[in-house]
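> Contents are compact mmCIF, C-alpha atoms; file name data-v4.txt:
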# COMPACT_ATOMS: atom_id res chain seq x y z
CA MET A 1 -23.76 -25.88 9.73
CA ASN A 2 -20.17 -25.81 8.64
CA ASP A 3 -18.54 -23.58 6.07
CA GLU A 4 -18.64 -26.17 3.34
CA GLN A 5 -22.37 -26.61 3.76
CA ALA A 6 -23.01 -22.92 3.68
CA TYR A 7 -20.90 -22.08 0.69
CA THR A 8 -19.47 -23.60 -2.39
CA VAL A 9 -15.80 -22.94 -2.80
CA VAL A 10 -15.13 -22.02 -6.39
CA GLY A 11 -11.38 -22.21 -6.62
CA GLY A 12 -8.17 -21.80 -4.75
CA ARG A 13 -7.78 -22.49 -1.09
CA GLY A 14 -9.24 -20.26 1.51
CA SER A 15 -6.77 -18.43 3.66
CA MET A 16 -7.34 -17.51 7.22
CA THR A 17 -6.35 -14.51 9.26
CA VAL A 18 -6.58 -14.47 13.03
CA PHE A 19 -6.83 -11.39 15.16
CA GLU A 20 -6.62 -11.50 18.94
CA ILE A 21 -6.91 -8.80 21.51
CA TYR A 22 -7.25 -8.66 25.30
CA ILE A 23 -9.55 -5.96 26.59
CA LYS A 24 -9.84 -4.89 30.19
CA THR A 25 -13.55 -5.52 30.58
CA THR A 26 -16.15 -8.21 31.12
CA PRO A 27 -17.29 -10.63 28.41
CA GLU A 28 -20.82 -9.21 28.73
CA ARG A 29 -19.67 -5.66 28.11
CA LEU A 30 -17.55 -6.80 25.19
CA TRP A 31 -20.53 -8.54 23.62
CA GLU A 32 -22.60 -5.43 24.10
CA ALA A 33 -19.93 -3.37 22.39
CA ILE A 34 -19.70 -5.73 19.44
CA THR A 35 -23.44 -5.82 18.88
CA SER A 36 -24.55 -2.31 19.74
CA GLU A 37 -25.00 0.03 16.82
CA GLN A 38 -23.71 3.01 18.75
CA MET A 39 -20.55 1.33 20.00
CA ARG A 40 -19.75 -0.06 16.61
CA LYS A 41 -20.17 3.34 15.09
CA ARG A 42 -17.47 4.63 17.36
CA TYR A 43 -14.84 2.09 16.58
CA SER A 44 -15.50 1.42 12.95
CA PHE A 45 -15.32 4.74 11.17
CA GLY A 46 -18.87 5.85 11.91
CA VAL A 47 -20.23 2.60 10.61
CA GLY A 48 -23.27 1.35 12.44
CA THR A 49 -24.33 -2.27 12.28
CA VAL A 50 -28.01 -2.98 12.28
CA SER A 51 -29.36 -6.38 13.21
CA ASP A 52 -31.60 -8.04 15.75
CA TRP A 53 -28.79 -10.52 16.51
CA THR A 54 -30.90 -13.64 16.45
CA PRO A 55 -29.50 -16.78 14.82
CA GLY A 56 -30.20 -16.72 11.11
CA SER A 57 -30.86 -12.99 11.03
CA GLU A 58 -29.27 -10.63 8.55
CA TYR A 59 -27.01 -7.78 9.43
CA LYS A 60 -25.83 -4.79 7.52
CA ALA A 61 -22.98 -2.45 8.29
CA ALA A 62 -23.24 0.96 6.71
CA VAL A 63 -23.07 4.68 7.10
CA PRO A 64 -26.69 5.23 6.12
CA GLY A 65 -26.96 6.94 2.75
CA VAL A 66 -23.20 7.20 2.40
CA ILE A 67 -21.57 3.83 2.06
CA GLU A 68 -22.30 0.19 2.58
CA ILE A 69 -19.48 -1.63 4.28
CA ALA A 70 -20.51 -5.19 4.74
CA GLY A 71 -23.42 -7.48 5.10
CA GLY A 72 -24.22 -11.06 5.84
CA GLU A 73 -25.96 -13.48 8.10
CA ASN A 74 -25.58 -14.18 11.80
CA LEU A 75 -25.00 -17.91 11.64
CA GLU A 76 -24.32 -18.62 15.30
CA VAL A 77 -25.26 -16.28 18.09
CA GLU A 78 -24.35 -17.33 21.61
CA PRO A 79 -23.91 -14.31 23.85
CA PRO A 80 -21.46 -13.51 25.23
CA ARG A 81 -19.24 -16.21 23.78
CA ARG A 82 -19.62 -16.75 20.15
CA LEU A 83 -20.71 -14.91 17.07
CA VAL A 84 -20.26 -16.45 13.66
CA GLN A 85 -21.21 -14.41 10.67
CA SER A 86 -20.98 -14.70 6.96
CA PHE A 87 -19.34 -11.57 5.72
CA THR A 88 -19.43 -9.88 2.37
CA ALA A 89 -17.26 -6.82 2.01
CA LEU A 90 -19.00 -4.08 0.09
CA TRP A 91 -16.80 -1.10 0.77
CA SER A 92 -14.78 -0.91 -2.42
CA GLU A 93 -14.44 -2.49 -5.81
CA ASP A 94 -10.97 -3.50 -4.82
CA VAL A 95 -12.07 -5.83 -2.07
CA GLN A 96 -15.04 -6.98 -4.06
CA ARG A 97 -12.84 -8.31 -6.81
CA GLY A 98 -11.55 -11.84 -6.45
CA GLN A 99 -11.89 -12.46 -2.78
CA GLN A 100 -14.89 -10.30 -2.28
CA ARG A 101 -16.80 -12.75 -0.23
CA ALA A 102 -15.43 -13.96 2.99
CA LEU A 103 -16.73 -15.82 5.91
CA ARG A 104 -16.12 -13.86 8.99
CA ARG A 105 -16.00 -15.83 12.12
CA LEU A 106 -15.95 -13.61 15.09
CA ALA A 107 -15.47 -15.80 18.07
CA ASP A 108 -15.77 -13.93 21.29
CA ASP A 109 -14.08 -16.19 23.72
CA PRO A 110 -14.09 -14.52 27.10
CA LEU A 111 -11.25 -16.53 28.49
CA ARG A 112 -10.51 -15.02 31.84
CA PRO A 113 -6.81 -14.98 32.49
CA GLU A 114 -7.35 -16.42 35.95
CA ASP A 115 -8.91 -19.43 34.29
CA ALA A 116 -6.02 -19.92 31.95
CA ALA A 117 -2.97 -21.39 33.62
CA GLY A 118 0.14 -19.35 33.22
CA ASP A 119 -1.61 -16.34 31.83
CA ARG A 120 -0.40 -13.25 33.59
CA ARG A 121 -2.26 -10.56 31.78
CA GLY A 122 -4.04 -9.57 34.97
CA PRO A 123 -7.65 -9.73 36.08
CA ARG A 124 -10.81 -8.83 34.23
CA HIS A 125 -9.62 -9.15 30.69
CA ALA A 126 -11.83 -10.55 28.03
CA ARG A 127 -10.24 -12.05 24.97
CA LEU A 128 -11.62 -11.32 21.57
CA VAL A 129 -10.62 -13.59 18.74
CA ALA A 130 -11.67 -12.79 15.23
CA LEU A 131 -11.08 -15.46 12.63
CA LEU A 132 -11.37 -14.27 9.11
CA ARG A 133 -11.61 -16.86 6.45
CA ARG A 134 -11.23 -15.73 2.89
CA ARG A 135 -12.95 -17.75 0.31
CA ARG A 136 -13.83 -17.44 -3.28
CA LEU A 137 -17.45 -18.14 -3.24
CA ARG A 138 -20.36 -18.80 -5.42
CA ALA A 139 -23.85 -18.16 -4.21
CA ARG A 140 -25.23 -20.53 -1.62
CA SER A 141 -26.20 -23.74 -3.33
CA MET B 1 15.29 -2.71 12.39
CA ASP B 2 17.41 -4.19 15.20
CA GLU B 3 18.09 -0.71 16.56
CA VAL B 4 14.38 0.07 16.65
CA PHE B 5 13.57 -2.99 18.73
CA LYS B 6 16.53 -2.46 21.04
CA ALA B 7 15.51 1.15 21.56
CA LEU B 8 11.92 0.18 22.30
CA ALA B 9 12.90 -2.59 24.70
CA ASP B 10 13.56 -0.09 27.48
CA PRO B 11 10.73 1.38 29.61
CA THR B 12 12.48 4.74 30.08
CA ARG B 13 12.90 5.16 26.35
CA ARG B 14 9.26 4.28 25.76
CA GLU B 15 8.40 6.86 28.39
CA LEU B 16 10.45 9.44 26.50
CA LEU B 17 8.53 8.63 23.33
CA ASP B 18 5.27 8.99 25.31
CA ARG B 19 6.32 12.46 26.40
CA LEU B 20 7.15 13.44 22.81
CA PHE B 21 3.93 11.90 21.58
CA GLU B 22 2.11 14.17 24.03
CA ARG B 23 4.12 17.22 23.08
CA ASP B 24 6.51 17.11 20.17
CA GLY B 25 9.62 19.25 19.81
CA GLN B 26 10.94 19.36 23.37
CA THR B 27 14.38 20.31 24.63
CA LEU B 28 16.56 18.04 26.73
CA SER B 29 15.87 20.22 29.78
CA SER B 30 12.14 19.93 29.32
CA LEU B 31 12.29 16.13 29.01
CA GLU B 32 14.67 15.84 31.92
CA GLY B 33 12.16 17.67 34.12
CA GLN B 34 9.56 14.99 33.46
CA LEU B 35 11.65 11.95 34.33
CA PRO B 36 13.21 10.91 37.61
CA MET B 37 16.62 10.74 36.03
CA THR B 38 19.81 12.74 35.60
CA ARG B 39 20.40 14.92 32.57
CA PHE B 40 23.15 12.57 31.52
CA GLY B 41 20.85 9.56 31.74
CA VAL B 42 18.17 11.21 29.61
CA MET B 43 20.83 12.25 27.10
CA LYS B 44 22.06 8.68 26.78
CA HIS B 45 18.57 7.35 26.18
CA LEU B 46 17.81 10.06 23.63
CA LYS B 47 20.98 9.12 21.79
CA VAL B 48 19.83 5.51 21.48
CA LEU B 49 16.43 6.69 20.21
CA GLU B 50 18.13 8.99 17.71
CA GLU B 51 20.36 6.23 16.41
CA ALA B 52 17.28 4.08 15.88
CA GLY B 53 15.65 6.92 13.95
CA LEU B 54 12.81 7.11 16.45
CA VAL B 55 13.77 10.60 17.50
CA THR B 56 15.00 13.35 15.21
CA THR B 57 16.32 16.73 16.22
CA GLN B 58 16.00 20.21 14.84
CA ARG B 59 17.96 23.27 15.89
CA ARG B 60 16.09 26.39 16.82
CA GLY B 61 18.58 29.10 17.70
CA ARG B 62 20.59 27.73 20.57
CA GLU B 63 18.03 25.09 21.40
CA LYS B 64 17.97 21.53 20.18
CA LEU B 65 14.45 20.24 19.84
CA HIS B 66 13.53 16.55 19.88
CA PHE B 67 10.79 15.14 17.68
CA LEU B 68 9.18 11.74 17.65
CA ASN B 69 9.69 10.20 14.23
CA PRO B 70 6.90 7.69 13.60
CA VAL B 71 8.35 6.30 10.36
CA PRO B 72 10.42 3.39 11.78
CA ILE B 73 7.39 2.19 13.75
CA ARG B 74 5.29 2.40 10.63
CA LEU B 75 7.89 0.29 8.82
CA VAL B 76 7.57 -2.37 11.52
CA HIS B 77 3.81 -2.17 11.11
CA ASP B 78 3.95 -2.49 7.34
CA ARG B 79 6.25 -5.47 7.50
CA TRP B 80 3.69 -7.61 9.29
CA VAL B 81 0.35 -5.92 8.93
CA SER B 82 -0.96 -6.34 5.42
CA LYS B 83 -3.24 -3.85 3.73
CA TYR B 84 -5.95 -6.42 4.07
CA ALA B 85 -5.44 -6.91 7.80
CA GLU B 86 -4.99 -3.24 8.60
CA PRO B 87 -8.66 -2.22 8.92
CA TRP B 88 -9.32 -5.20 11.19
CA ALA B 89 -6.32 -4.60 13.39
CA SER B 90 -7.22 -0.94 13.58
CA ALA B 91 -10.86 -1.64 14.44
CA LEU B 92 -9.89 -3.99 17.27
CA SER B 93 -7.37 -1.54 18.62
CA GLU B 94 -10.02 1.19 18.65
CA LEU B 95 -12.53 -1.14 20.25
CA LYS B 96 -10.08 -1.82 23.07
CA ARG B 97 -9.37 1.87 23.56
CA ASP B 98 -13.05 2.80 23.63
CA ILE B 99 -14.12 0.08 26.04
CA GLU B 100 -11.21 0.66 28.39
CA ASN B 101 -11.72 4.44 28.40
CA GLU B 102 -15.36 3.91 29.18
CA GLU B 103 -14.47 1.65 32.11
CA LYS B 104 -12.16 4.32 33.46
CA GLU B 105 -14.89 6.95 33.32
CA ARG B 106 -17.21 4.84 35.44
As structure tokens, what does this structure read like?

Amino acid sequence: MNDEQAYTVVGGRGSMTVFEIYIKTTPERLWEAITSEQMRKRYSFGVGTVSDWTPGSEYKAAVPGVIEIAGGENLEVEPPRRLVQSFTALWSEDVQRGQQRALRRLADDPLRPEDAAGDRRGPRHARLVALLRRRRLRARS
Amino acid sequence: MDEVFKALADPTRRELLDRLFERDGQTLSSLEGQLPMTRFGVMKHLKVLEEAGLVTTQRRGREKLHFLNPVPIRLVHDRWVSKYAEPWASALSELKRDIENEEKER
């Protein structure tokens, strides 16, 4: 399923933001950190993400009873390499206006530096790439 | 902004900022004791940091105290990290810190 199939773009062109970080760990541990409720709580402001992480499942990120941060669907789940999610920001009216719905593509690409020619970042680093595509969306057609 | 990048391009000066980040408001003598370098060398580096606005000083009696000024670094941040990107960049930075600290504890 590609983005166009999943969503109808209402207007304007989507813009994309890319985030990349190298973390001194294994791809497996990185995946665990991304998908475990406890780990996520620690790095995202006490926000836990609940999901069973199967393809097509829903997820919700929230501080229970306090605030809902985001929600969406796990579109592609291929541990420990790839996680594609639809992403709807829920944390403030500000982000909900206009570009409130975004497709979040969180590609965990554990490219080991030793596998990448010319990369001298040292051993045992996993690379995390998060692609964030902003779209103005209408409900799934 | 040129001065900020020039000041940060030197490992000794980054080390000095690390020391002030750990404990703010130190004298030249105190900083000198933590680096394998002459008093004159440390003084020179502090001067570059001061000119870049990364270090500010305050007098306390006869002592001159050095403080890390985070504002120029924040200006660099704000130039290229949008409000929209900030939470994401921050989350990834925290993720890295948490995972790497955990690995160290093992």
> Which residues come within 6 Å of region 15-28 of chain B, counting only C-alpha atoms, excluding same-chain residues fewer than 3 positions away, as a list of chain:residue names?
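Here the answer would be B:Thr12, B:Leu31, B:Glu32, B:Lys64, B:Leu65, B:His66, B:Phe67, B:Leu68.
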> If I take CA of Val55 (chain B) and CA of His77 (chain B), how far is one from the other in Å, to one decimal?
17.4 Å
> Determine, for each residue of chain B having at least one atom at most 8 Å from an atom of chain A, the closest pair of atoms and their separation in Å to one decimal, counting all atoms listed in the file; order by chain and ascending number, as JSON lines.

{"residue": "B:Ala85", "atom": "CA", "partner": "A:Thr17", "partner_atom": "CA", "distance": 7.8}
{"residue": "B:Trp88", "atom": "CA", "partner": "A:Phe19", "partner_atom": "CA", "distance": 7.8}
{"residue": "B:Ala89", "atom": "CA", "partner": "A:Phe19", "partner_atom": "CA", "distance": 7.0}
{"residue": "B:Ala91", "atom": "CA", "partner": "A:Ser44", "partner_atom": "CA", "distance": 5.8}
{"residue": "B:Leu92", "atom": "CA", "partner": "A:Ile21", "partner_atom": "CA", "distance": 7.1}
{"residue": "B:Ser93", "atom": "CA", "partner": "A:Ile21", "partner_atom": "CA", "distance": 7.8}
{"residue": "B:Glu94", "atom": "CA", "partner": "A:Tyr43", "partner_atom": "CA", "distance": 5.3}
{"residue": "B:Leu95", "atom": "CA", "partner": "A:Tyr43", "partner_atom": "CA", "distance": 5.4}
{"residue": "B:Lys96", "atom": "CA", "partner": "A:Ile23", "partner_atom": "CA", "distance": 5.5}
{"residue": "B:Asp98", "atom": "CA", "partner": "A:Tyr43", "partner_atom": "CA", "distance": 7.3}
{"residue": "B:Ile99", "atom": "CA", "partner": "A:Thr25", "partner_atom": "CA", "distance": 7.2}
{"residue": "B:Glu100", "atom": "CA", "partner": "A:Lys24", "partner_atom": "CA", "distance": 6.0}
{"residue": "B:Glu103", "atom": "CA", "partner": "A:Thr25", "partner_atom": "CA", "distance": 7.4}
> For a test of reading the model, state the distance in Å between CA of Gly56 (chain A) and CA of Gly71 (chain A), rounded to one decimal.
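Interatomic distance, CA of Gly56 (chain A) to CA of Gly71 (chain A): 12.9 Å.
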> For CA of Arg97 (chain B) and CA of Asn69 (chain B), determine how far apart the two atoms are, in Å to one decimal place.
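Going from CA of Arg97 (chain B) over to CA of Asn69 (chain B) covers 22.8 Å.
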> Just checking: using all atoms listed in the file, which residue out of B:Ala7, B:Val76, B:Val81, B:Leu35 ends up closest to Glu50 (chain B)?
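Ranked by minimum distance to Glu50 (chain B), first place goes to B:Ala7.
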> Tell me which of B:Lys44, B:Glu3, B:Ser29, B:Arg13 sits closest to Glu63 (chain B), counting all atoms listed in the file.
B:Ser29
> Which polymer residues have any atom within 9 Å of an atom of Val50 (chain A), counting all atoms listed in the file, with same-chain residues fewer than 3 positions away left out, as a ChimeraX atom specification?
/A:35-37,53,58-62
